[in-house]
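The next block is entry-v2.txt, given as compact mmCIF, C-alpha atoms.
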# COMPACT_ATOMS: atom_id res chain seq x y z
CA MET A 27 -14.45 -4.49 33.07
CA GLN A 28 -13.41 -1.92 30.46
CA PHE A 29 -9.77 -1.57 29.45
CA ARG A 30 -10.10 2.21 29.74
CA ASP A 31 -13.53 3.06 31.07
CA LEU A 32 -14.72 6.01 28.99
CA GLN A 33 -18.33 5.21 29.82
CA LYS A 34 -17.68 5.63 33.55
CA GLN A 35 -15.86 8.88 32.85
CA TYR A 36 -18.88 10.14 30.92
CA GLU A 37 -21.23 9.19 33.74
CA VAL A 38 -19.15 11.24 36.19
CA LEU A 39 -18.77 14.24 33.89
CA LYS A 40 -22.16 13.96 32.15
CA PRO A 41 -23.66 17.29 33.32
CA GLN A 42 -20.67 19.33 32.16
CA ILE A 43 -20.18 17.44 28.89
CA ASP A 44 -23.87 17.46 27.96
CA GLU A 45 -24.14 21.18 28.67
CA ALA A 46 -21.06 21.86 26.53
CA MET A 47 -22.31 19.83 23.57
CA ILE A 48 -25.84 21.23 23.69
CA TYR A 49 -24.54 24.79 23.86
CA VAL A 50 -22.47 24.31 20.70
CA ALA A 51 -25.39 22.64 18.95
CA GLY A 52 -27.53 25.68 19.70
CA SER A 53 -24.85 28.18 18.75
CA ALA A 54 -24.49 26.77 15.21
CA LYS A 55 -20.76 27.62 15.37
CA TYR A 56 -19.69 24.10 14.52
CA ILE A 57 -16.33 24.93 12.92
CA SER A 58 -13.78 27.30 14.49
CA GLY A 59 -16.17 28.38 17.24
CA PRO A 60 -14.91 30.28 20.31
CA GLU A 61 -14.41 27.02 22.24
CA VAL A 62 -11.55 26.13 19.89
CA LYS A 63 -9.59 29.27 20.76
CA GLU A 64 -10.38 28.81 24.45
CA ILE A 65 -9.08 25.23 24.62
CA GLU A 66 -5.96 26.29 22.71
CA LYS A 67 -5.32 29.03 25.26
CA GLN A 68 -5.90 26.75 28.25
CA LEU A 69 -3.68 24.00 26.84
CA ALA A 70 -0.86 26.41 25.98
CA ASP A 71 -1.00 27.92 29.48
CA TYR A 72 -1.02 24.48 31.10
CA VAL A 73 1.90 23.16 29.06
CA GLY A 74 3.83 26.41 29.41
CA VAL A 75 4.36 27.36 25.76
CA LYS A 76 3.33 30.37 23.68
CA HIS A 77 1.31 28.60 21.02
CA CYS A 78 -1.13 25.70 20.84
CA ILE A 79 -2.68 25.03 17.44
CA THR A 80 -5.38 22.37 17.39
CA CYS A 81 -5.91 20.09 14.40
CA ALA A 82 -7.89 17.07 13.27
CA ASN A 83 -5.84 14.29 14.92
CA GLY A 84 -2.48 13.41 16.41
CA THR A 85 -1.14 11.96 13.16
CA ASP A 86 -1.86 15.21 11.33
CA ALA A 87 -0.15 17.07 14.15
CA LEU A 88 3.09 15.18 13.48
CA SER A 89 2.86 15.59 9.71
CA ILE A 90 2.08 19.31 9.98
CA ALA A 91 5.08 19.87 12.27
CA LEU A 92 7.40 18.08 9.84
CA ARG A 93 5.96 19.99 6.90
CA ALA A 94 6.48 23.29 8.71
CA TRP A 95 10.16 22.38 8.96
CA GLY A 96 10.36 21.43 5.29
CA ILE A 97 11.32 17.83 6.11
CA GLY A 98 11.24 15.73 2.96
CA LYS A 99 13.16 13.74 0.39
CA GLU A 100 16.73 12.69 1.29
CA ASP A 101 16.18 13.71 4.93
CA ALA A 102 16.70 11.32 7.83
CA VAL A 103 14.40 11.41 10.85
CA PHE A 104 15.25 9.32 13.92
CA VAL A 105 12.31 7.51 15.54
CA PRO A 106 12.02 4.93 18.36
CA ASP A 107 11.49 1.40 17.09
CA PHE A 108 9.00 0.62 19.86
CA THR A 109 6.04 2.95 19.31
CA PHE A 110 2.77 3.40 17.44
CA PHE A 111 3.04 3.39 13.65
CA SER A 112 2.29 7.08 13.06
CA SER A 113 5.58 8.17 14.69
CA GLY A 114 7.42 6.69 11.71
CA GLU A 115 4.63 6.87 9.17
CA CYS A 116 4.49 10.67 9.21
CA PRO A 117 8.15 11.30 8.30
CA ALA A 118 7.87 8.70 5.55
CA ASP A 119 4.65 10.27 4.27
CA GLU A 120 6.47 13.60 3.98
CA GLY A 121 9.09 11.88 1.80
CA ALA A 122 11.77 11.51 4.48
CA THR A 123 13.34 8.25 5.66
CA PRO A 124 12.71 7.23 9.27
CA PHE A 125 15.63 5.48 10.97
CA PHE A 126 14.47 3.38 13.88
CA VAL A 127 16.33 3.47 17.18
CA ASP A 128 16.23 0.94 20.00
CA VAL A 129 14.64 1.86 23.33
CA ASP A 130 15.43 1.59 27.03
CA GLN A 131 14.00 -1.66 28.37
CA ARG A 132 12.67 -0.15 31.59
CA THR A 133 11.20 3.15 30.38
CA PHE A 134 10.18 1.96 26.87
CA ASN A 135 11.43 5.30 25.50
CA ILE A 136 14.16 5.99 22.95
CA ASP A 137 17.65 5.09 24.23
CA PRO A 138 19.91 8.17 23.96
CA VAL A 139 23.04 6.04 23.55
CA LYS A 140 21.50 4.13 20.66
CA LEU A 141 20.18 7.39 19.23
CA GLU A 142 23.64 8.89 18.99
CA GLU A 143 25.03 5.68 17.51
CA THR A 144 22.33 5.70 14.82
CA ILE A 145 22.87 9.37 14.03
CA LEU A 146 26.61 8.82 13.60
CA LYS A 147 26.02 5.80 11.38
CA VAL A 148 23.63 7.67 9.08
CA LYS A 149 25.90 10.70 8.89
CA SER A 150 28.96 8.57 8.11
CA GLU A 151 27.21 6.87 5.21
CA GLY A 152 26.44 10.26 3.66
CA LYS A 153 23.28 9.21 1.84
CA TYR A 154 20.81 11.24 3.90
CA ASN A 155 20.64 14.62 5.57
CA ALA A 156 20.13 14.10 9.31
CA LYS A 157 17.34 16.54 10.16
CA ALA A 158 15.19 15.63 13.17
CA VAL A 159 14.48 13.34 16.09
CA VAL A 160 10.97 12.21 17.01
CA ALA A 161 11.00 11.45 20.75
CA VAL A 162 7.86 9.65 21.96
CA ASP A 163 6.50 9.93 25.52
CA LEU A 164 5.40 6.30 25.52
CA PHE A 165 2.70 5.00 27.86
CA GLY A 166 2.54 8.41 29.59
CA LEU A 167 6.20 8.74 30.60
CA PRO A 168 8.24 11.62 29.13
CA ALA A 169 11.38 10.60 27.25
CA ASP A 170 14.89 11.41 28.55
CA PHE A 171 14.85 14.93 27.18
CA ASP A 172 17.96 16.14 29.00
CA SER A 173 20.03 13.62 27.05
CA ILE A 174 18.03 13.90 23.82
CA LYS A 175 18.24 17.70 23.71
CA HIS A 176 22.00 17.53 24.23
CA ILE A 177 22.31 15.12 21.29
CA CYS A 178 20.08 17.26 19.07
CA ALA A 179 22.17 20.36 19.84
CA LYS A 180 25.40 18.44 19.21
CA TYR A 181 24.31 17.32 15.74
CA ASP A 182 22.12 20.31 14.83
CA LEU A 183 18.88 18.31 14.73
CA LEU A 184 15.34 19.51 15.29
CA LEU A 185 13.44 17.85 18.14
CA LEU A 186 9.82 16.82 17.66
CA GLU A 187 8.16 15.58 20.85
CA ASP A 188 5.38 13.07 20.14
CA GLY A 189 3.32 13.52 23.28
CA ALA A 190 0.25 11.64 22.05
CA GLN A 191 0.42 9.31 25.05
CA GLY A 192 2.24 11.65 27.39
CA PHE A 193 0.03 14.70 27.89
CA GLY A 194 0.00 15.49 31.61
CA GLY A 195 3.38 13.92 32.29
CA SER A 196 6.31 16.01 33.46
CA ILE A 197 10.00 16.13 34.36
CA ASN A 198 10.87 18.18 37.44
CA GLY A 199 7.64 20.12 36.98
CA LYS A 200 8.16 20.90 33.28
CA ARG A 201 5.24 19.40 31.40
CA SER A 202 5.07 17.12 28.40
CA CYS A 203 4.49 18.87 25.08
CA SER A 204 6.94 21.61 26.10
CA PHE A 205 10.19 19.71 25.47
CA GLY A 206 10.36 19.71 21.69
CA ASP A 207 11.18 22.53 19.32
CA ILE A 208 7.69 21.52 18.27
CA SER A 209 5.56 19.10 20.30
CA THR A 210 2.33 17.33 19.43
CA THR A 211 -0.44 15.41 21.12
CA SER A 212 -3.56 13.42 20.28
CA PHE A 213 -7.07 13.69 21.70
CA PHE A 214 -8.12 10.23 20.55
CA PRO A 215 -10.73 9.14 23.13
CA ALA A 216 -8.49 6.62 24.92
CA LYS A 217 -5.58 9.04 25.36
CA PRO A 218 -4.91 10.62 28.79
CA LEU A 219 -6.88 13.68 27.65
CA GLY A 220 -9.30 12.59 24.95
CA CYS A 221 -12.32 13.98 23.14
CA TYR A 222 -15.26 12.06 21.64
CA GLY A 223 -13.80 11.66 18.19
CA ASP A 224 -10.48 12.55 16.62
CA GLY A 225 -8.43 15.58 17.55
CA GLY A 226 -4.87 16.73 18.00
CA ALA A 227 -2.69 19.72 18.80
CA VAL A 228 0.70 21.21 18.01
CA PHE A 229 2.72 23.22 20.57
CA THR A 230 5.65 25.58 20.03
CA ASP A 231 7.26 28.76 21.32
CA ASN A 232 8.34 29.76 17.81
CA ASP A 233 6.09 32.51 16.39
CA GLU A 234 7.06 31.90 12.76
CA TRP A 235 6.43 28.17 12.97
CA ALA A 236 3.10 28.77 14.73
CA ASP A 237 1.87 30.99 11.89
CA LEU A 238 3.04 28.44 9.34
CA ILE A 239 1.31 25.59 11.21
CA ARG A 240 -1.96 27.53 11.37
CA SER A 241 -1.72 28.08 7.64
CA ILE A 242 -0.99 24.43 6.86
CA CYS A 243 -3.96 23.34 8.99
CA VAL A 244 -6.40 25.26 6.80
CA HIS A 245 -5.44 24.63 3.17
CA GLY A 246 -2.34 26.82 3.31
CA LYS A 247 -4.33 30.00 3.94
CA ASP A 248 -2.70 33.42 4.23
CA THR A 249 -2.05 34.16 7.93
CA SER A 250 -0.29 37.50 7.44
CA ASN A 251 -3.50 39.46 8.17
CA PRO A 252 -5.69 37.56 10.64
CA ASN A 253 -8.40 40.25 10.47
CA ASP A 254 -8.89 39.82 6.72
CA PRO A 255 -12.13 37.80 6.22
CA ASN A 256 -10.93 36.70 2.77
CA ALA A 257 -7.54 35.42 3.94
CA LYS A 258 -8.65 31.80 3.98
CA TYR A 259 -9.37 32.07 0.25
CA ASN A 260 -5.86 33.34 -0.43
CA ASN A 261 -3.95 30.07 -0.38
CA VAL A 262 -0.24 30.81 -0.28
CA ARG A 263 0.96 27.21 0.10
CA LEU A 264 -0.30 23.65 -0.08
CA GLY A 265 -1.81 22.62 3.21
CA LYS A 266 -4.34 20.26 4.77
CA ASN A 267 -7.92 20.36 5.95
CA SER A 268 -7.08 19.63 9.57
CA ARG A 269 -9.21 21.36 12.19
CA LEU A 270 -10.58 20.49 15.61
CA ASP A 271 -14.35 20.93 15.41
CA THR A 272 -16.12 23.06 18.00
CA ILE A 273 -18.04 20.26 19.72
CA GLN A 274 -14.79 18.36 20.33
CA ALA A 275 -13.22 21.54 21.72
CA ALA A 276 -16.19 22.01 24.06
CA ILE A 277 -15.90 18.41 25.26
CA LEU A 278 -12.19 18.89 25.86
CA LEU A 279 -12.85 22.02 27.92
CA ALA A 280 -15.16 20.03 30.21
CA LYS A 281 -12.81 17.06 30.42
CA PHE A 282 -9.65 19.16 30.83
CA LYS A 283 -10.89 20.59 34.13
CA ALA A 284 -11.44 17.07 35.49
CA PHE A 285 -8.08 15.98 34.07
CA VAL A 286 -6.28 18.70 36.03
CA ASP A 287 -8.45 18.63 39.15
CA PHE A 288 -8.39 14.90 39.91
CA GLU A 289 -7.88 12.47 37.02
CA LEU A 290 -4.08 12.69 36.91
CA ASP A 291 -3.82 12.15 40.67
CA ASP A 292 -6.31 9.30 40.60
CA ILE A 293 -4.67 7.40 37.76
CA ASN A 294 -1.31 7.68 39.51
CA LYS A 295 -2.91 6.12 42.60
CA VAL A 296 -4.20 3.25 40.45
CA ALA A 297 -0.74 2.71 38.97
CA ALA A 298 0.86 2.81 42.43
CA LEU A 299 -1.57 0.15 43.65
CA TYR A 300 -0.73 -2.09 40.69
CA THR A 301 2.97 -1.71 41.45
CA GLU A 302 2.46 -2.47 45.15
CA LEU A 303 0.33 -5.57 44.57
CA LEU A 304 2.53 -6.96 41.79
CA SER A 305 5.85 -6.33 43.52
CA ASP A 306 6.08 -9.94 44.72
CA THR A 307 5.86 -11.39 41.19
CA ALA A 308 8.52 -12.11 38.58
CA LEU A 309 7.00 -9.48 36.30
CA VAL A 310 9.15 -6.55 35.23
CA LEU A 311 7.08 -3.56 36.32
CA PRO A 312 7.13 -0.07 34.80
CA ILE A 313 9.36 2.44 36.53
CA ILE A 314 9.14 6.20 36.97
CA PRO A 315 12.63 7.78 37.21
CA ASP A 316 13.29 10.37 39.91
CA GLY A 317 11.77 13.71 39.02
CA TYR A 318 9.45 12.21 36.39
CA TYR A 319 5.65 12.09 36.50
CA SER A 320 3.59 9.85 34.23
CA SER A 321 0.08 10.35 32.92
CA TRP A 322 -0.20 6.55 32.57
CA ALA A 323 -1.67 6.10 29.13
CA GLN A 324 -0.91 2.42 29.77
CA TYR A 325 0.26 0.25 32.66
CA THR A 326 2.58 -2.18 30.88
CA VAL A 327 4.36 -5.13 32.46
CA GLN A 328 6.93 -7.48 30.97
CA LEU A 329 6.47 -11.25 31.18
CA SER A 330 9.36 -13.67 31.46
CA GLU A 331 10.37 -15.76 28.44
CA SER A 332 8.89 -18.89 29.98
CA VAL A 333 5.38 -17.40 30.15
CA ASP A 334 2.94 -17.90 27.26
CA ARG A 335 1.42 -14.45 26.85
CA SER A 336 -1.56 -15.68 24.86
CA LYS A 337 -2.52 -18.08 27.66
CA VAL A 338 -2.26 -15.32 30.25
CA GLN A 339 -4.50 -13.11 28.13
CA ALA A 340 -6.97 -15.95 27.69
CA LYS A 341 -7.24 -16.45 31.46
CA LEU A 342 -7.76 -12.75 32.01
CA LYS A 343 -10.43 -12.71 29.32
CA GLU A 344 -12.23 -15.66 30.94
CA ALA A 345 -12.53 -13.50 34.08
CA GLY A 346 -13.90 -10.58 32.08
CA ILE A 347 -10.62 -8.66 32.17
CA PRO A 348 -9.32 -7.14 28.91
CA SER A 349 -5.62 -6.80 28.17
CA MET A 350 -3.66 -5.45 25.24
CA VAL A 351 -0.26 -5.88 23.59
CA TYR A 352 1.38 -2.55 22.76
CA TYR A 353 3.28 -3.34 20.51
CA ALA A 354 3.52 -6.76 18.93
CA LYS A 355 5.80 -5.80 16.03
CA PRO A 356 8.83 -3.49 15.86
CA MET A 357 8.50 -0.49 13.59
CA HIS A 358 11.33 -1.64 11.36
CA CYS A 359 9.48 -4.91 10.71
CA GLN A 360 6.25 -3.26 9.57
CA GLY A 361 5.27 -4.19 6.03
CA ALA A 362 5.27 -0.57 4.90
CA PHE A 363 9.05 -0.39 5.45
CA ILE A 364 10.04 -3.72 3.90
CA GLY A 365 12.75 -3.21 1.31
CA THR A 366 13.60 0.32 2.48
CA ASP A 367 16.58 1.65 4.44
CA SER A 368 14.21 2.06 7.39
CA ALA A 369 14.17 -1.72 7.79
CA LYS A 370 17.96 -1.89 8.16
CA THR A 371 18.42 -1.58 11.89
CA ASP A 372 19.41 -3.60 14.95
CA CYS A 373 16.97 -3.18 17.85
CA PRO A 374 17.20 -6.24 20.14
CA VAL A 375 15.51 -4.55 23.11
CA THR A 376 12.49 -3.67 21.00
CA GLU A 377 12.28 -7.21 19.67
CA THR A 378 12.34 -8.56 23.25
CA LEU A 379 9.68 -6.11 24.39
CA CYS A 380 7.38 -7.00 21.51
CA LYS A 381 7.41 -10.60 22.73
CA SER A 382 6.98 -9.85 26.44
CA VAL A 383 4.86 -6.73 27.08
CA LEU A 384 1.31 -6.86 28.37
CA SER A 385 -0.83 -3.81 29.17
CA LEU A 386 -3.40 -4.05 31.97
CA PRO A 387 -6.66 -2.10 32.39
CA ILE A 388 -6.08 1.38 33.78
CA ASP A 389 -7.92 4.68 34.02
CA PRO A 390 -8.68 7.24 36.74
CA TYR A 391 -11.99 5.56 37.57
CA LYS A 392 -10.69 2.09 38.44
CA THR A 393 -11.43 1.11 42.05
CA GLU A 394 -9.24 -0.81 44.50
CA ASP A 395 -11.55 -3.78 43.98
CA ASP A 396 -10.97 -3.59 40.22
CA ILE A 397 -7.19 -3.60 40.60
CA GLU A 398 -7.22 -6.35 43.23
CA LEU A 399 -9.29 -8.53 40.88
CA VAL A 400 -6.92 -7.96 37.94
CA VAL A 401 -3.91 -8.76 40.12
CA LYS A 402 -5.52 -11.89 41.58
CA VAL A 403 -6.40 -13.32 38.17
CA LEU A 404 -3.05 -12.33 36.69
CA LYS A 405 -1.11 -14.00 39.52
CA ASN A 406 -3.15 -17.18 39.08
CA ALA A 407 -2.49 -17.10 35.35
CA LEU A 408 1.25 -16.80 35.94
CA ASN A 409 1.39 -19.83 38.22

Kindly return the structure encoded in the file as structure tokens.
Amino acid sequence: MQFRDLQKQYEVLKPQIDEAMIYVAGSAKYISGPEVKEIEKQLADYVGVKHCITCANGTDALSIALRAWGIGKEDAVFVPDFTFFSSGECPADEGATPFFVDVDQRTFNIDPVKLEETILKVKSEGKYNAKAVVAVDLFGLPADFDSIKHICAKYDLLLLEDGAQGFGGSINGKRSCSFGDISTTSFFPAKPLGCYGDGGAVFTDNDEWADLIRSICVHGKDTSNPNDPNAKYNNVRLGKNSRLDTIQAAILLAKFKAFVDFELDDINKVAALYTELLSDTALVLPIIPDGYYSSWAQYTVQLSESVDRSKVQAKLKEAGIPSMVYYAKPMHCQGAFIGTDSAKTDCPVTETLCKSVLSLPIDPYKTEDDIELVVKVLKNALN
């Protein structure tokens, strides 16, 4: 069994994906071909924002957004402590200081109460300029944006939505990657919507920021006259070389149709079956608050303190079932932040989660038999 079965997905979508790749190969428009603009348009329309700017990967997307805002030295950026490293790495790489905030134990997303406490603490100390919040849609579930937006408005902070795991999720019909002042996502192959390499995108309704982001993505080129063929050689700022190549855009166009037509529905059915079959165990199961919809990047359970996670994983592995631990170490404990102000935080929920979480195989192509097998072996391992 595959943890996320990309091979099965390819088998189902092979005719469309092969046709898309072969067409690009024959067109010789390998960089900035028409497929790039088309996927940007479709993604912007789907999310419900004015602008989608694709780039090389989800990490670049975060860094480019922060750079567009001028985030840098002596600035504070507030980031959940329980997340993938890039959420905090990118502010630090721009010269800012990430301050890590504890998360809600049931949703895994940033805790608004702890967020406000951390903001007030940083502001009272007066060492840093509080500038932005990075809110992560972890495991496919959008963060509590009603509360987070209120806090950002109260303290005049920019909101960056890290939707790398959340694309396709929604709150009361409003889709992930539309909640931030700027939002980002990743098309890493294992993400809810993934390509066959690296890729990412930035979303915003702000015209000025969109132009700036497009410039940063291509070596700081001049975007004031898009019809000027020499504009890309007029570099008006320092930027990056961060583009989505045409073949990846073509693959995304083929996969995006399946994502919308049936994959989101099917993966939610898989998650619902897990929840039903595991409801009689002592596991803490993931929840979806009222009005929320998850794209289920992961199905993550929490084990009790008395359970040896490594032994459970070993028993699953013996049965041919992969499992993963996302994440085994809090952000503030990462070696890159040792000795910095980023390491000075109190996040007991995150520390508990890092010891107890276990992610089970999930994707839209898992069958009932697959899920029943995982549940059977997992229950035996827990006994």

Would you give the centre and edge lengths, in Å to one decimal, of a box along x, y and z around the listed atoms of region 104-110 of chain A, with 3 Å added to each side, as JSON?
{"center_x": 9.0, "center_y": 5.0, "center_z": 16.9, "size_x": 18.5, "size_y": 14.7, "size_z": 11.9}

query: Just how far from CA of Leu342 (chain A) is CA of Leu329 (chain A), in Å to one decimal?
result: 14.3 Å

- prompt: Excluding same-chain residues fewer than 4 positions from Lys34 (chain A), what lies within 12 Å of it counting all atoms listed in the file, as a ChimeraX atom specification?
  reply: /A:27-30,38-40,389-393

- prompt: Within 8 Å of Ile397 (chain A), counting all atoms listed in the file, which residues qualify if same-chain residues fewer than 5 places away don't, as a list in words?
  reply: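 Near neighbours after the sequence-gap exclusion: Val296, Leu299, Tyr300 and Lys392 of chain A.
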
message: So, with only C-alpha atoms as the atoms that count, which of A:Ala257, A:Ala323, A:Ile48, A:Ile239 lies closest to Cys78 (chain A)?
response: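 Closest to Cys78 (chain A) of all the choices is A:Ile239.
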
message: Calculated over only C-alpha atoms, which of the candidates A:Leu32, A:Ala70, A:Ile79, A:Leu184 has the smallest distance to Ile242 (chain A)?
response: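 Under the stated criterion, the closest residue is A:Ile79.
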
- prompt: Skipping near chain neighbours, those fewer than 5 positions away, what residues fall within 9 Å of region 191-203 of chain A using only C-alpha atoms, listed as an MDAnalysis selection string?
  reply: chainID A and resid 72:75 162:168 170:171 208:212 217:219 228:230 285:286 290 316:324

query: At most 6 Å from (16.5, 13.4, 18.4), file frame, all atoms listed in the file: which residues, as JSON, numbers by chain?
result: {"A": [158, 159, 160, 174, 178, 185]}

message: Under the rule that only C-alpha atoms are counted, which of A:Phe363, A:Tyr154, A:Trp235, A:Phe134 is the nearest residue to Ala169 (chain A)?
response: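 Nearest candidate to Ala169 (chain A) out of A:Phe363, A:Tyr154, A:Trp235, A:Phe134: A:Phe134.
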
So that I can see what lies close to region 119-131 of chain A, please list as a compact mmCIF listing (two decimals) with C-alpha atoms, keeping the file's coordinate frame the residues with an atom at most 8 Å from it, counting only C-alpha atoms and leaving out residues fewer than 2 positions away in the same chain.
# COMPACT_ATOMS: atom_id res chain seq x y z
CA SER A 89 2.86 15.59 9.71
CA LEU A 92 7.40 18.08 9.84
CA ARG A 93 5.96 19.99 6.90
CA ILE A 97 11.32 17.83 6.11
CA GLY A 98 11.24 15.73 2.96
CA LYS A 99 13.16 13.74 0.39
CA GLU A 100 16.73 12.69 1.29
CA ASP A 101 16.18 13.71 4.93
CA ALA A 102 16.70 11.32 7.83
CA VAL A 103 14.40 11.41 10.85
CA PHE A 104 15.25 9.32 13.92
CA VAL A 105 12.31 7.51 15.54
CA PRO A 106 12.02 4.93 18.36
CA ASP A 107 11.49 1.40 17.09
CA PHE A 108 9.00 0.62 19.86
CA GLY A 114 7.42 6.69 11.71
CA GLU A 115 4.63 6.87 9.17
CA CYS A 116 4.49 10.67 9.21
CA PRO A 117 8.15 11.30 8.30
CA THR A 133 11.20 3.15 30.38
CA PHE A 134 10.18 1.96 26.87
CA ASN A 135 11.43 5.30 25.50
CA ILE A 136 14.16 5.99 22.95
CA ASP A 137 17.65 5.09 24.23
CA LYS A 140 21.50 4.13 20.66
CA LEU A 141 20.18 7.39 19.23
CA THR A 144 22.33 5.70 14.82
CA MET A 357 8.50 -0.49 13.59
CA HIS A 358 11.33 -1.64 11.36
CA ASP A 367 16.58 1.65 4.44
CA SER A 368 14.21 2.06 7.39
CA ALA A 369 14.17 -1.72 7.79
CA THR A 371 18.42 -1.58 11.89
CA ASP A 372 19.41 -3.60 14.95
CA CYS A 373 16.97 -3.18 17.85
CA PRO A 374 17.20 -6.24 20.14
CA VAL A 375 15.51 -4.55 23.11
CA THR A 376 12.49 -3.67 21.00
CA LEU A 379 9.68 -6.11 24.39

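Of the residues listed (A:Thr307, A:Arg335, A:Asp86, A:Lys355), A:Thr307 shows the shortest atom-to-atom separation from Lys405 (chain A); distances use only C-alpha atoms.
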
message: Ranking A:Gln35, A:Ser385, A:Ser250, A:Ser113 by minimum distance to Pro312 (chain A) and counting all atoms listed in the file, which one comes first?
response: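 Closest to Pro312 (chain A) of all the choices is A:Ser385.
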
- request: Using only C-alpha atoms, collect all residues at a distance of at most 8 Å from (-6.4, 25.0, 3.1) as written in the file, then present them as a list in words.
  value: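 Output: Ser241, Ile242, Cys243, Val244, His245, Gly246, Lys247, Lys258, Asn261, Leu264, Gly265, Lys266 and Asn267 of chain A.
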
N, CA and C atoms of region 390-407 of chain A, written as an mmCIF file, in the first residue's frame:
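Resulting contents of selection23.cif:
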data_model
loop_
_atom_site.group_PDB
_atom_site.id
_atom_site.type_symbol
_atom_site.label_atom_id
_atom_site.label_comp_id
_atom_site.auth_asym_id
_atom_site.auth_seq_id
_atom_site.Cartn_x
_atom_site.Cartn_y
_atom_site.Cartn_z
ATOM 1 N N PRO A 390 -7.500 10.021 -2.657
ATOM 2 C CA PRO A 390 -8.832 9.804 -3.226
ATOM 3 C C PRO A 390 -9.037 8.422 -3.825
ATOM 4 N N TYR A 391 -7.973 7.654 -3.976
ATOM 5 C CA TYR A 391 -8.050 6.373 -4.671
ATOM 6 C C TYR A 391 -7.999 5.178 -3.720
ATOM 7 N N LYS A 392 -8.015 5.438 -2.420
ATOM 8 C CA LYS A 392 -8.083 4.345 -1.455
ATOM 9 C C LYS A 392 -9.478 3.716 -1.497
ATOM 10 N N THR A 393 -9.522 2.381 -1.421
ATOM 11 C CA THR A 393 -10.793 1.657 -1.436
ATOM 12 C C THR A 393 -11.264 1.369 -0.012
ATOM 13 N N GLU A 394 -12.502 0.927 0.113
ATOM 14 C CA GLU A 394 -13.002 0.522 1.432
ATOM 15 C C GLU A 394 -12.152 -0.607 1.998
ATOM 16 N N ASP A 395 -11.738 -1.533 1.149
ATOM 17 C CA ASP A 395 -10.888 -2.631 1.603
ATOM 18 C C ASP A 395 -9.562 -2.103 2.150
ATOM 19 N N ASP A 396 -8.999 -1.109 1.486
ATOM 20 C CA ASP A 396 -7.747 -0.516 1.972
ATOM 21 C C ASP A 396 -7.928 0.035 3.376
ATOM 22 N N ILE A 397 -8.974 0.825 3.572
ATOM 23 C CA ILE A 397 -9.190 1.485 4.864
ATOM 24 C C ILE A 397 -9.515 0.453 5.943
ATOM 25 N N GLU A 398 -10.319 -0.534 5.595
ATOM 26 C CA GLU A 398 -10.646 -1.581 6.578
ATOM 27 C C GLU A 398 -9.399 -2.336 7.012
ATOM 28 N N LEU A 399 -8.467 -2.567 6.082
ATOM 29 C CA LEU A 399 -7.220 -3.246 6.435
ATOM 30 C C LEU A 399 -6.380 -2.382 7.377
ATOM 31 N N VAL A 400 -6.231 -1.092 7.054
ATOM 32 C CA VAL A 400 -5.459 -0.197 7.920
ATOM 33 C C VAL A 400 -6.057 -0.176 9.321
ATOM 34 N N VAL A 401 -7.369 -0.049 9.396
ATOM 35 C CA VAL A 401 -8.039 0.029 10.702
ATOM 36 C C VAL A 401 -7.865 -1.271 11.472
ATOM 37 N N LYS A 402 -8.009 -2.396 10.803
ATOM 38 C CA LYS A 402 -7.854 -3.698 11.480
ATOM 39 C C LYS A 402 -6.462 -3.847 12.084
ATOM 40 N N VAL A 403 -5.443 -3.544 11.292
ATOM 41 C CA VAL A 403 -4.060 -3.691 11.778
ATOM 42 C C VAL A 403 -3.770 -2.677 12.876
ATOM 43 N N LEU A 404 -4.269 -1.469 12.715
ATOM 44 C CA LEU A 404 -4.039 -0.435 13.714
ATOM 45 C C LEU A 404 -4.698 -0.811 15.041
ATOM 46 N N LYS A 405 -5.921 -1.305 14.993
ATOM 47 C CA LYS A 405 -6.600 -1.711 16.231
ATOM 48 C C LYS A 405 -5.841 -2.841 16.925
ATOM 49 N N ASN A 406 -5.360 -3.799 16.142
ATOM 50 C CA ASN A 406 -4.568 -4.886 16.735
ATOM 51 C C ASN A 406 -3.290 -4.358 17.372
ATOM 52 N N ALA A 407 -2.673 -3.381 16.714
ATOM 53 C CA ALA A 407 -1.435 -2.817 17.242
ATOM 54 C C ALA A 407 -1.655 -2.034 18.531
#
